[in-house]
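Visitor: Okay, handing you the structure first.
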Number of protein chains: 2
Amino acid sequence: MNRHLIAVLAAATVCAPGAARADEGMWTFDNFPSAAVKAKYGVTIDDAWLDAVRGAAVRLSSGCSASVVTRDGLVLTNHHCVRDCAQNLSTADMDYVKNGFAAATREDEKLCPGMQAEILGAISDVTARVSGAARGKTGQDFVKARDGEIAAIEKEGCAGREADYRCQVITLYQGGQYKLYTYRKFSDVRLVFAPELQTAFFGGDPDNFNFPRYDLDFSFVRLYENGKPVSAPAHLTWSRTAPEAGDPVFVAGNPGATQRLLTAEQLDSLRNFVLPERLLQYSELRGRLIRFGEESTEHARIADDTLFGIENSFKAYHGQEQTLADPAFIDAKRKADGELRAKVMADSTLAAQIGDPWSDIAKAQGDYKALFTPYSFLEARAGVGSSLFGYARALARAAEEKAKPNSERLPEYTDSRLLLLEKRVLDAEPVYPELEQAVLEFWLSKLRENLTADAAGTKTFLGKESPEALAARLAASKLGDAALRKQLWDGGMAAVRASDDPMIRFVLATDAASRAVRKEYETRVSGPTDRAAEQIAKARFAVFGTSTYPDATFSLRLSYGRIEGWDENDTPVPPFTYFGGLWERATGQFPFDLAPKWAAAQGKLDDKTVFDMTSDIDIIGGNSGSPLIDAKGEVVGAVFDGNIHSLGGAFAFDDSVNRGVAVSTAAITEALDKVYGQHALVSELTAK
Amino acid sequence: MNRHLIAVLAAATVCAPGAARADEGMWTFDNFPSAAVKAKYGVTIDDAWLDAVRGAAVRLSSGCSASVVTRDGLVLTNHHCVRDCAQNLSTADMDYVKNGFAAATREDEKLCPGMQAEILGAISDVTARVSGAARGKTGQDFVKARDGEIAAIEKEGCAGREADYRCQVITLYQGGQYKLYTYRKFSDVRLVFAPELQTAFFGGDPDNFNFPRYDLDFSFVRLYENGKPVSAPAHLTWSRTAPEAGDPVFVAGNPGATQRLLTAEQLDSLRNFVLPERLLQYSELRGRLIRFGEESTEHARIADDTLFGIENSFKAYHGQEQTLADPAFIDAKRKADGELRAKVMADSTLAAQIGDPWSDIAKAQGDYKALFTPYSFLEARAGVGSSLFGYARALARAAEEKAKPNSERLPEYTDSRLLLLEKRVLDAEPVYPELEQAVLEFWLSKLRENLTADAAGTKTFLGKESPEALAARLAASKLGDAALRKQLWDGGMAAVRASDDPMIRFVLATDAASRAVRKEYETRVSGPTDRAAEQIAKARFAVFGTSTYPDATFSLRLSYGRIEGWDENDTPVPPFTYFGGLWERATGQFPFDLAPKWAAAQGKLDDKTVFDMTSDIDIIGGNSGSPLIDAKGEVVGAVFDGNIHSLGGAFAFDDSVNRGVAVSTAAITEALDKVYGQHALVSELTAK
């Protein structure tokens with residue numbers, strides 16, 4: 001393995017730098033560089049290949065990716081993509097996260113609350129319409145005109161077929177393009193199989209974003225319609241065989257967000273206050289929840305998924321912060337910005353068309369800094385994940401917004417988005433008052449700390465109450481009851497106003513302050529920034545052409561690369577781990593302890609089975625669960641992570657060290673067969 | 001008040017910028033700018049004035065400042081300087097932090113464990129000796145030669161009188177001067193009076209570093225020798241009257257640390273990784289301890305002082321981080337560095353003498369970054385405050401170091417320092433196993449996270465144990481027993497090696513790794529940096545002369561200024577608060593709730609009594625408890641805080657907004673009289 005890696009690296013030195021070497025790019029399906037792939041890997045990616053993959057690629061509303069892998073609608077994703085679902089289905093007596101979940105029959109497959117699966121059908125360009133509607137407008141007017149037009153396009157696009165389709169306008173190239181993506185949607189997604197947490201997430205947070213890795217981070221859900229498994233959908237063929245080092249591979253999934261097209265001044269803001277402050281918030285909440293979880297088995301169970309999410313985000317943002325802390329990084333960006341700007345200025349026609357959006361963005365950063373704290377605490381991150389706050393805000397705002405014309409609403413309450421919101425609000429799932437109280441107390445105390453005790457916002461949200469007393473009062477809300485939520489959703493503003501639920505009262509009393517800071521933010525920060533970003537995108541297209549890929553926006557993309565390790569401080573890291581390595585890494589203590597079934601299986605498994613593997617594909621958070629596909633279009637793994645160097649991928653792709661990590665279908669198949677005795681699933685997966 | 005402030009500000013505009021305006025500087029007593037003070041304020045600060053103040057100024061080994069204020073050795077300091085002592089004297093049944101402490105008679109005054117008071121006598125220059133010993137040496141050799149010579153000077157300086165005196169070589173100007181400070185020491189310091197926490201720290205963390213403020217942050221301790229109050233020591237006269245706005249004031253105290261003489265590259269390191277990483281650690285530990293404290297009244301009690309220390313440090317470092325996050329700040333420093341360097345290079349004699357220390361420091365920053373994490377976790381911040389770990393390390397290292405010649409020991413174990421260390425190790429004070437376990441678990445889990453699970457350091461410290469399991473095992477150590485510690489201290493290495501205490505075994509197993517990373521750090525980072533800093537200091541003296549003040553090093557300094565508010569976003573903040581404001585700010589909910597005695601006293605107190613006040617004196621952490629002195633040399637307050645703008649004072653003093661905050665002796669006297677009925681104390685303070 002090492003020998004091969006060295007050979008690859010040696011070969012790289014004779015290649016031209018840049019495009020010939022770098023397998024960079026999260027490409028849209030309508031702009032995939034098939035010629036480059038053909039030239040480099042000899043693989044033909046034609047429309048039939050692309051259509052087959054697109055038709056099986058799934059976006060999960062939980063923020064993950066997935067793929068249909070059988071004719072009965074079985075969907076492969078990561079365990080950590082259903083960890084929330086498994087927890088929601090658990091009780092104090094039956095913990096499906098800890099013990100795993102296996103439906104004995106199809107009747108035992110269980111609905112994942114709030115989860116929707118979406119498969120992309122058509123793509124159409126609506127740039128002219130969206131940009132046209134906002135042309136000449138500034139500040140919040142720009143935001144409103146753009147969002148209003150998007151709302152109209154989305155509504156028209158799926159008119160009359162909203163029950164089965166979702167229309168979404170996707171912003172690409174930071175506003176350089178707007179495309180209407182039409183998805184077939186599945187609102188009934190059921191959990192089929194999930195391994196034990198300690199198997200799926202062996203090594204836990206310490207090993208997260210690291211490699212070598214020994215995680216069986218997969219699970220299966222199934223798409224249902226009309227109460228039955230979806231019939232004969234497009235699906236990928238399941239491969240029992242792992243790829244070899246150097247093999248070309250592809251990833252079809254939904255990378256969440258990258259910031260590669262941001263200007264240097266925007267990166268300065270991320271580095272100077274956005275990331276530092278966000279990390280501090282995560283750290284303290286993490287500390288509170290770690291201790292919360294240590295108080296009892298039940299506290300550990302109910303805090304599990306929230307804590308995992310925080311630790312995962314913390315590590316990702318920490319890596320981003322460290323990338324930007326290298327002064328050379330932003331300096332290089334500044335230089336590139338300057339070069340593009342100089343090219344625009346040198347062409348008087350282009351200069352007249354583009355203006356000076358770089359200065360506009362630079363100017364907005366002072367306002368961003370001034371508004372960052374109130375906007376975060378009162379609006380964008382209000383509630384910091386409290387379910388009760390989330391329900392109350394959704395109920396109150398939906399009631400208020402629905403009374404307005406579609407194009408004048410807050411975008412998250414337009415007709416095209418209300419159906420998924422309604423599902424999320426109304427699906428029954430457990431709410432844990434003790435956890436709610438802990439999270440709310442954290443939010444309110446940090447709100448006071450960061451805005452200061454004397455700020456108007458603090459007085460609006462806290463009055464004379466302490467964060468501790470207020471959190472306790474709000475956690476007594478009854479909005480955990482799905483029937484009550486339905487009553488308030490259906491009853492609209494009259495029902496909401498009549499409610500004496502403490503959280504509803506709290507949101508009604510504070511929402512004007514939240515909306516006011518949002519308006520300020522859109523007027524002074526996001527409006528000017530988005531408008532300028534559109535201009536910069538136009539400049540890029542004019543100067544560099546359109547053979548580029550857009551920043552990630554949790555929409556379907558295709559990345560390519562090959563199975564490959566990397567060099568860590570001159571030491572080669574091979575691209576594969578094997579079952580045999582798991583036994584060596586196990587210590588018997590959390591999080592390096594084996595699940596009982598695995599401890600029992602040692603000796604029964606082939607130690608040489610490929611477990612996890614790395615490739616130089618360009619992915620980021622949101623790609624979790626994406627199928628890793630070989631040249632034939634067969635699924636050979638499920639992407640679940642990147643290595644530590646992938647964290648800088650938010651801002652730039654470094655082909656020499658940035659690696660994606662996948663669990664192999666070979667390992668999944670063998671584990672289903674020999675550890676879990678899931679012979680029916682194995683048959684379903686490998687049926688011809 | 002506002003009118004006066006505006007007048008002051010208007011006057012400022014007609015003054016020349018710089019020295020004439022800025023009351024900047026933490027001056028040593030042997031280099032105080034009396035002429036400047038005379039010119040600006042018309043106050044004569046002669047040797048007699050200086051000697052009288054120096055003779056009453058106290059340094060507390062708890063990291064605070066104080067002053068003797070009566071002929072019976074009563075010492076004024078802050079409440080937060082004895083919060084640890086009050087907690088150590090408390091039990092689950094009697095909480096002196098919450099309820100306050102008042103000794104009914106002198107016999108009831110209680111020893112503060114580990115606390116030593118020190119009063120500066122003589123100052124002598126030993127620069128030639130220290131610098132000479134290290135001349136021509138580099139890396140760790142430089143560190144060892146310097147530290148060895150310091151150890152010898154300190155030992156010689158107090159030879160034969162170690163029981164009553166402490167000799168300490170103080171590093172000034174980042175190594176530009178070394179001075180031997182000889183202190184009269186008092187090892188028997190007893191708590192006399194402390195108000196309730198909610199009175200001393202009204203407004204709690206939200207109001208910390210803020211103003212207007214309503215904190216009675218004072219306490220009294222008393223110096224004892226031979227079991228009796230020290231007889232007729234030098235002391236300051238107690239003033240019952242508050243100063244007026246614009247009055248000149250002075251602060252004699254021990255500012256802990258500033259970094260005003262650091263190079264831009266050193267500030268880059270602070271901004272890029274030191275402060276961000278430290279803040280993240282504080283945040284998570286804070287979160288864990290907040291939740292720990294919420295678990296029970298007793299948990300809240302035992303975690304109180306630790307949590308306060310973390311929150312206080314967090315806010316201070318956060319302010320520092322925000323100061324350095326402004327790119328203009330370090331850029332200005334870089335420019336100033338460049339100018340000094342250019343002046344040196346322009347003078348060939350000077351250039352030959354100084355060399356290029358700026359490049360040496362810049363070069364060391366890469367090593368600093370590489371070593372920062374292991375050095376922090378394994379050595380400098382190992383144990384993150386665990387008493388058990390601290391005891392074990394002190395016992396093991398003292399035993400090992402005492403066997404070496406004085407000049408070859410780690411500096412904290414040289415003869416001149418062992419006496420205070422011994423007192424700290426042997427004084428009985430409570431150790432709380434549950435709190436220890438929480439802190440140790442935090443340390444060990446962050447050690448693994450930051451070094452990574454596979455690092456050699458992690459394996460040395462954790463072996464195959466989880467942080468949780470190891471912390472639980474170590475927290476069972478019996479080193480909380482002072483008698484056991486005495487046995488191990490007296491028994492030396494043989495006793496330590498024979499111990500089966502888990503924490504002793506742990507330190508013995510890991511100390512070689514800790515020492516190795518320290519050696520690496522001294523060789524590659526602190527050695528080259530300190531050596532270069534000496535050269536830069538010489539360059540400064542050569543170019544700017546010696547009429548400057550050195551960075552703070554927790555040694556006695558005198559600052560001057562006047563009672564003055566500031567302008568906050570164009571709104572004047574007056575320099576005084578009054579008792580009347582307290583009733584208005586109280587909400588009834590923590591931390592804005594009144595202690596019962598205070599709620600009862602409303603109406604009995606003069607609402608116009610000056611409570612807290614600001615002045616433009618140059619202070620920083622370590623100055624807590626310092627006397628605020630008027631022109632006559634009388635004590636008019638106790639400095640307990642700075643405003644939020646003072647946090648940037650670590651790097652530069654901004655006279656326009658940086659303010660120190662003090663509680664007035666007027667408020668203290670009236671509270672002692674009318675709230676606490678402490679008539680004997682009032683008589684003692686006001687006796688002629």
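Numbering starts fresh at 1 for the residues of each chain in the structure tokens, the chains themselves are lettered A, B, ... in the order given, and ligands are numbered from 1 as they appear.
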Neighbours of Gly121 (chain B) within 7 Å (only C-alpha atoms; same-chain residues fewer than 3 positions away dropped), as number ranges by chain?

Guide: B: 182-184

Visitor: With a distance threshold of 7 Å and counting only C-alpha atoms, extract the residues of chain B near chain A and express them as a list of chain:residue names.

Guide: B:Pro206, B:Asn272, B:Leu280, B:Ser283, B:Glu284, B:Leu285, B:Arg286, B:Gly287, B:Arg288, B:Ile290, B:Arg291, B:Phe292, B:Ala325, B:Glu449, B:Thr452, B:Ala453, B:Lys464, B:Glu465, B:Ser466, B:Thr587, B:Gln589, B:Phe590

Visitor: Enumerate as JSON, numbers by chain all residues of region 125-325 of chain A assigned to strand (DSSP E or B) by DSSP on the backbone, naming them with the chain letters and numbers the document uses.

Guide: {"A": [125, 165, 166, 167, 168, 169, 170, 171, 172, 177, 178, 179, 180, 181, 182, 183, 184, 185, 186, 188, 189, 190, 191, 192, 193, 194, 219, 220, 221, 222, 223, 224, 225, 228, 229, 238, 248, 249, 250, 251, 252, 253]}

Visitor: Using only C-alpha atoms, find each residue in region 323-394 of chain A having at least one atom no more than 12 Å away from region 489-506 of chain A; report its shortest atom-to-atom pair and that distance in Å (one decimal), rows by chain then rising number, as a tab-separated table.

Guide:
residue	atom	partner	partner_atom	distance
A:Gly383	CA	A:Met503	CA	10.9
A:Ser386	CA	A:Met503	CA	10.8
A:Ser387	CA	A:Met503	CA	10.6
A:Leu388	CA	A:Met503	CA	7.0
A:Phe389	CA	A:Met503	CA	6.5
A:Gly390	CA	A:Met503	CA	9.7
A:Tyr391	CA	A:Ile504	CA	8.8
A:Ala392	CA	A:Ile504	CA	5.3
A:Arg393	CA	A:Ile504	CA	7.6
A:Ala394	CA	A:Trp489	CA	9.0

Visitor: Would you output that residue set with all heavy atoms, as an mmCIF file, in the first residue's frame?

Guide:
data_model
loop_
_atom_site.group_PDB
_atom_site.id
_atom_site.type_symbol
_atom_site.label_atom_id
_atom_site.label_comp_id
_atom_site.auth_asym_id
_atom_site.auth_seq_id
_atom_site.Cartn_x
_atom_site.Cartn_y
_atom_site.Cartn_z
ATOM 1 N N GLY A 383 -32.302 30.528 20.649
ATOM 2 C CA GLY A 383 -32.746 29.232 21.155
ATOM 3 C C GLY A 383 -31.670 28.164 21.134
ATOM 4 O O GLY A 383 -31.828 27.128 21.761
ATOM 5 N N SER A 386 -32.992 24.700 21.100
ATOM 6 C CA SER A 386 -34.127 24.298 21.937
ATOM 7 C C SER A 386 -35.308 23.918 21.052
ATOM 8 O O SER A 386 -35.758 24.708 20.223
ATOM 9 C CB SER A 386 -34.530 25.461 22.859
ATOM 10 O OG SER A 386 -35.908 25.359 23.204
ATOM 11 N N SER A 387 -35.830 22.711 21.235
ATOM 12 C CA SER A 387 -36.995 22.279 20.453
ATOM 13 C C SER A 387 -38.209 23.143 20.780
ATOM 14 O O SER A 387 -38.965 23.529 19.888
ATOM 15 C CB SER A 387 -37.333 20.821 20.753
ATOM 16 O OG SER A 387 -36.288 19.982 20.370
ATOM 17 N N LEU A 388 -38.368 23.439 22.057
ATOM 18 C CA LEU A 388 -39.550 24.206 22.465
ATOM 19 C C LEU A 388 -39.520 25.598 21.850
ATOM 20 O O LEU A 388 -40.542 26.094 21.358
ATOM 21 C CB LEU A 388 -39.605 24.304 24.006
ATOM 22 C CG LEU A 388 -39.854 22.970 24.727
ATOM 23 C CD1 LEU A 388 -39.649 23.142 26.231
ATOM 24 C CD2 LEU A 388 -41.266 22.450 24.434
ATOM 25 N N PHE A 389 -38.361 26.234 21.877
ATOM 26 C CA PHE A 389 -38.260 27.553 21.253
ATOM 27 C C PHE A 389 -38.496 27.438 19.751
ATOM 28 O O PHE A 389 -39.204 28.255 19.162
ATOM 29 C CB PHE A 389 -36.895 28.185 21.534
ATOM 30 C CG PHE A 389 -36.744 29.541 20.888
ATOM 31 C CD1 PHE A 389 -37.245 30.674 21.491
ATOM 32 C CD2 PHE A 389 -36.116 29.670 19.647
ATOM 33 C CE1 PHE A 389 -37.138 31.923 20.886
ATOM 34 C CE2 PHE A 389 -36.005 30.913 19.030
ATOM 35 C CZ PHE A 389 -36.525 32.045 19.649
ATOM 36 N N GLY A 390 -37.912 26.421 19.140
ATOM 37 C CA GLY A 390 -38.071 26.240 17.699
ATOM 38 C C GLY A 390 -39.524 26.053 17.302
ATOM 39 O O GLY A 390 -40.016 26.652 16.344
ATOM 40 N N TYR A 391 -40.229 25.234 18.067
ATOM 41 C CA TYR A 391 -41.658 25.032 17.787
ATOM 42 C C TYR A 391 -42.421 26.346 17.943
ATOM 43 O O TYR A 391 -43.247 26.703 17.103
ATOM 44 C CB TYR A 391 -42.243 23.999 18.756
ATOM 45 C CG TYR A 391 -41.862 22.562 18.482
ATOM 46 C CD1 TYR A 391 -41.571 21.689 19.518
ATOM 47 C CD2 TYR A 391 -41.841 22.058 17.173
ATOM 48 C CE1 TYR A 391 -41.246 20.353 19.287
ATOM 49 C CE2 TYR A 391 -41.514 20.719 16.932
ATOM 50 C CZ TYR A 391 -41.211 19.876 17.988
ATOM 51 O OH TYR A 391 -40.898 18.566 17.759
ATOM 52 N N ALA A 392 -42.161 27.040 19.040
ATOM 53 C CA ALA A 392 -42.933 28.258 19.323
ATOM 54 C C ALA A 392 -42.684 29.308 18.251
ATOM 55 O O ALA A 392 -43.612 29.960 17.772
ATOM 56 C CB ALA A 392 -42.570 28.799 20.708
ATOM 57 N N ARG A 393 -41.442 29.464 17.864
ATOM 58 C CA ARG A 393 -41.151 30.466 16.837
ATOM 59 C C ARG A 393 -41.809 30.066 15.506
ATOM 60 O O ARG A 393 -42.407 30.901 14.829
ATOM 61 C CB ARG A 393 -39.645 30.620 16.653
ATOM 62 C CG ARG A 393 -39.313 31.510 15.484
ATOM 63 C CD ARG A 393 -37.830 31.757 15.327
ATOM 64 N NE ARG A 393 -37.402 32.917 16.094
ATOM 65 C CZ ARG A 393 -36.191 33.470 15.991
ATOM 66 N NH1 ARG A 393 -35.296 32.947 15.180
ATOM 67 N NH2 ARG A 393 -35.871 34.527 16.700
ATOM 68 N N ALA A 394 -41.693 28.782 15.150
ATOM 69 C CA ALA A 394 -42.287 28.338 13.884
ATOM 70 C C ALA A 394 -43.803 28.544 13.908
ATOM 71 O O ALA A 394 -44.396 29.002 12.923
ATOM 72 C CB ALA A 394 -41.941 26.874 13.631
#

Visitor: Please provide the set of residues having any atom within 10 Å of Ile619 (chain A), restricted to only C-alpha atoms, with same-chain residues fewer than 5 positions apart removed, written as JSON, numbers by chain.

Guide: {"A": [24, 25, 26, 251, 252, 253, 254, 255, 256, 257, 258, 552, 557, 558, 559, 560, 624, 626, 639, 641, 642, 646, 647, 649, 650, 653, 658, 659, 660, 661]}

Visitor: Applying 8 Å and only C-alpha atoms, which residues near region 191-195 of chain B remain after dropping the ones on its own chain fewer than 3 positions away? List them as a PyMOL selection string.

Guide: chain B and resi 79+82+85-86+99-103+106+109-112+199-200+216+218-222

Visitor: Using C-alpha atoms, can you write the selected residues to a file as a PDB file, in the first residue's frame?

Guide:
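Okay, this is what ended up in again-v9.pdb:
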ATOM      1  CA  HIS B  79     -13.137  40.397  48.836  1.00  0.00           C
ATOM      2  CA  VAL B  82      -9.863  36.255  50.111  1.00  0.00           C
ATOM      3  CA  CYS B  85      -9.497  31.729  51.896  1.00  0.00           C
ATOM      4  CA  ALA B  86     -13.124  32.126  52.979  1.00  0.00           C
ATOM      5  CA  ASN B  99     -22.792  34.625  54.334  1.00  0.00           C
ATOM      6  CA  GLY B 100     -19.664  36.671  54.890  1.00  0.00           C
ATOM      7  CA  PHE B 101     -17.212  36.405  57.760  1.00  0.00           C
ATOM      8  CA  ALA B 102     -16.745  38.640  60.776  1.00  0.00           C
ATOM      9  CA  ALA B 103     -14.366  37.707  63.585  1.00  0.00           C
ATOM     10  CA  ARG B 106      -9.109  38.936  67.514  1.00  0.00           C
ATOM     11  CA  GLU B 109      -9.523  35.761  63.284  1.00  0.00           C
ATOM     12  CA  LYS B 110      -8.685  32.713  61.161  1.00  0.00           C
ATOM     13  CA  LEU B 111      -5.505  31.746  59.304  1.00  0.00           C
ATOM     14  CA  CYS B 112      -5.781  31.884  55.537  1.00  0.00           C
ATOM     15  CA  THR B 199     -22.593  42.352  48.301  1.00  0.00           C
ATOM     16  CA  ALA B 200     -18.928  42.190  47.354  1.00  0.00           C
ATOM     17  CA  LEU B 216     -18.401  46.404  48.081  1.00  0.00           C
ATOM     18  CA  PHE B 218     -13.256  44.710  50.108  1.00  0.00           C
ATOM     19  CA  SER B 219     -12.120  42.585  52.997  1.00  0.00           C
ATOM     20  CA  PHE B 220      -9.707  42.783  55.888  1.00  0.00           C
ATOM     21  CA  VAL B 221      -6.965  40.409  56.880  1.00  0.00           C
ATOM     22  CA  ARG B 222      -4.436  40.947  59.633  1.00  0.00           C
TER      23      ARG B 222
END

Visitor: Near region 152-157 of chain A, within 7 Å and counting only C-alpha atoms, which residues show up once chain neighbours fewer than 4 positions away are dropped, as a JSON list (two decimals) with all heavy atoms, in the first residue's frame?

Guide:
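Saved file part-v2.json follows:
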[["chain", "number", "residue", "atom", "x", "y", "z"],
["A", 148, "GLY", "N", -38.62, 37.33, -2.92],
["A", 148, "GLY", "CA", -40.01, 37.28, -3.40],
["A", 148, "GLY", "C", -40.10, 36.57, -4.74],
["A", 148, "GLY", "O", -41.00, 35.76, -4.98],
["A", 167, "CYS", "N", -40.05, 22.07, -5.14],
["A", 167, "CYS", "CA", -39.30, 22.96, -6.02],
["A", 167, "CYS", "C", -38.47, 23.90, -5.17],
["A", 167, "CYS", "O", -38.98, 24.50, -4.22],
["A", 167, "CYS", "CB", -40.27, 23.76, -6.89],
["A", 167, "CYS", "SG", -40.93, 22.75, -8.24],
["A", 168, "GLN", "N", -37.19, 23.99, -5.50],
["A", 168, "GLN", "CA", -36.31, 24.84, -4.71],
["A", 168, "GLN", "C", -35.36, 25.58, -5.64],
["A", 168, "GLN", "O", -34.72, 24.97, -6.49],
["A", 168, "GLN", "CB", -35.51, 23.96, -3.73],
["A", 168, "GLN", "CG", -34.61, 24.78, -2.80],
["A", 168, "GLN", "CD", -33.78, 23.91, -1.87],
["A", 168, "GLN", "OE1", -33.50, 22.75, -2.18],
["A", 168, "GLN", "NE2", -33.40, 24.47, -0.74],
["A", 169, "VAL", "N", -35.29, 26.88, -5.48],
["A", 169, "VAL", "CA", -34.32, 27.66, -6.24],
["A", 169, "VAL", "C", -32.99, 27.60, -5.49],
["A", 169, "VAL", "O", -32.90, 27.94, -4.31],
["A", 169, "VAL", "CB", -34.78, 29.12, -6.42],
["A", 169, "VAL", "CG1", -33.65, 29.96, -7.04],
["A", 169, "VAL", "CG2", -36.03, 29.17, -7.31],
["A", 407, "SER", "N", -45.04, 36.33, -1.72],
["A", 407, "SER", "CA", -43.75, 36.94, -2.07],
["A", 407, "SER", "C", -43.27, 37.94, -1.02],
["A", 407, "SER", "O", -42.16, 38.43, -1.11],
["A", 407, "SER", "CB", -43.86, 37.64, -3.42],
["A", 407, "SER", "OG", -44.77, 38.72, -3.30],
["A", 415, "ASP", "N", -44.89, 29.50, 0.51],
["A", 415, "ASP", "CA", -45.71, 28.30, 0.29],
["A", 415, "ASP", "C", -44.88, 27.07, -0.03],
["A", 415, "ASP", "O", -45.17, 25.96, 0.43],
["A", 415, "ASP", "CB", -46.71, 28.57, -0.85],
["A", 415, "ASP", "CG", -47.85, 29.48, -0.40],
["A", 415, "ASP", "OD1", -48.22, 29.41, 0.80],
["A", 415, "ASP", "OD2", -48.35, 30.26, -1.22],
["A", 416, "SER", "N", -43.83, 27.25, -0.83],
["A", 416, "SER", "CA", -43.04, 26.09, -1.24],
["A", 416, "SER", "C", -42.27, 25.47, -0.08],
["A", 416, "SER", "O", -41.82, 24.34, -0.17],
["A", 416, "SER", "CB", -42.05, 26.50, -2.34],
["A", 416, "SER", "OG", -41.22, 27.54, -1.88]]

Visitor: Assign secondary structure with DSSP using the backbone only, and return the residues of region 342-489 of chain B in alpha helix (DSSP H) as a PyMOL selection string.

Guide: chain B and resi 342-345+348-354+357-375+387-402+415-426+433-451+456-462+467-474+482-489

Visitor: Any idea what the distance is between CA of Pro596 (chain B) and CA of Gln198 (chain B)?

Guide: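 Interatomic distance, CA of Pro596 (chain B) to CA of Gln198 (chain B): 9.9 Å.
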
Visitor: Do a neighbour search on Thr44 (chain A) at 8 Å with only C-alpha atoms, toss out local chain neighbours closer than 5 positions, and write the hits as a PDB file with all heavy atoms, in the first residue's frame.

Guide:
ATOM      1  N   SER A  34     -16.702  16.071 -17.672  1.00  0.00           N
ATOM      2  CA  SER A  34     -16.480  14.687 -18.134  1.00  0.00           C
ATOM      3  C   SER A  34     -15.202  14.550 -18.946  1.00  0.00           C
ATOM      4  O   SER A  34     -14.500  13.536 -18.860  1.00  0.00           O
ATOM      5  CB  SER A  34     -17.674  14.225 -18.977  1.00  0.00           C
ATOM      6  OG  SER A  34     -18.833  14.180 -18.182  1.00  0.00           O
ATOM      7  N   VAL A  37     -12.207  14.209 -16.697  1.00  0.00           N
ATOM      8  CA  VAL A  37     -12.187  12.887 -16.061  1.00  0.00           C
ATOM      9  C   VAL A  37     -11.713  11.834 -17.058  1.00  0.00           C
ATOM     10  O   VAL A  37     -10.904  10.957 -16.741  1.00  0.00           O
ATOM     11  CB  VAL A  37     -13.578  12.536 -15.508  1.00  0.00           C
ATOM     12  CG1 VAL A  37     -13.617  11.103 -15.002  1.00  0.00           C
ATOM     13  CG2 VAL A  37     -13.964  13.508 -14.387  1.00  0.00           C
ATOM     14  N   LYS A  38     -12.207  11.963 -18.267  1.00  0.00           N
ATOM     15  CA  LYS A  38     -11.806  11.020 -19.322  1.00  0.00           C
ATOM     16  C   LYS A  38     -10.300  11.103 -19.553  1.00  0.00           C
ATOM     17  O   LYS A  38      -9.599  10.090 -19.630  1.00  0.00           O
ATOM     18  CB  LYS A  38     -12.565  11.383 -20.611  1.00  0.00           C
ATOM     19  CG  LYS A  38     -12.214  10.525 -21.809  1.00  0.00           C
ATOM     20  CD  LYS A  38     -12.927   9.196 -21.747  1.00  0.00           C
ATOM     21  CE  LYS A  38     -12.566   8.311 -22.935  1.00  0.00           C
ATOM     22  NZ  LYS A  38     -13.208   6.997 -22.805  1.00  0.00           N
TER      23      LYS A  38
END

Visitor: Record the distance separating CA of Thr241 (chain A) and CA of Phe611 (chain A), expressed in Å with one decimal.

Guide: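 Rounded to one decimal, the two atoms are 11.2 Å apart.
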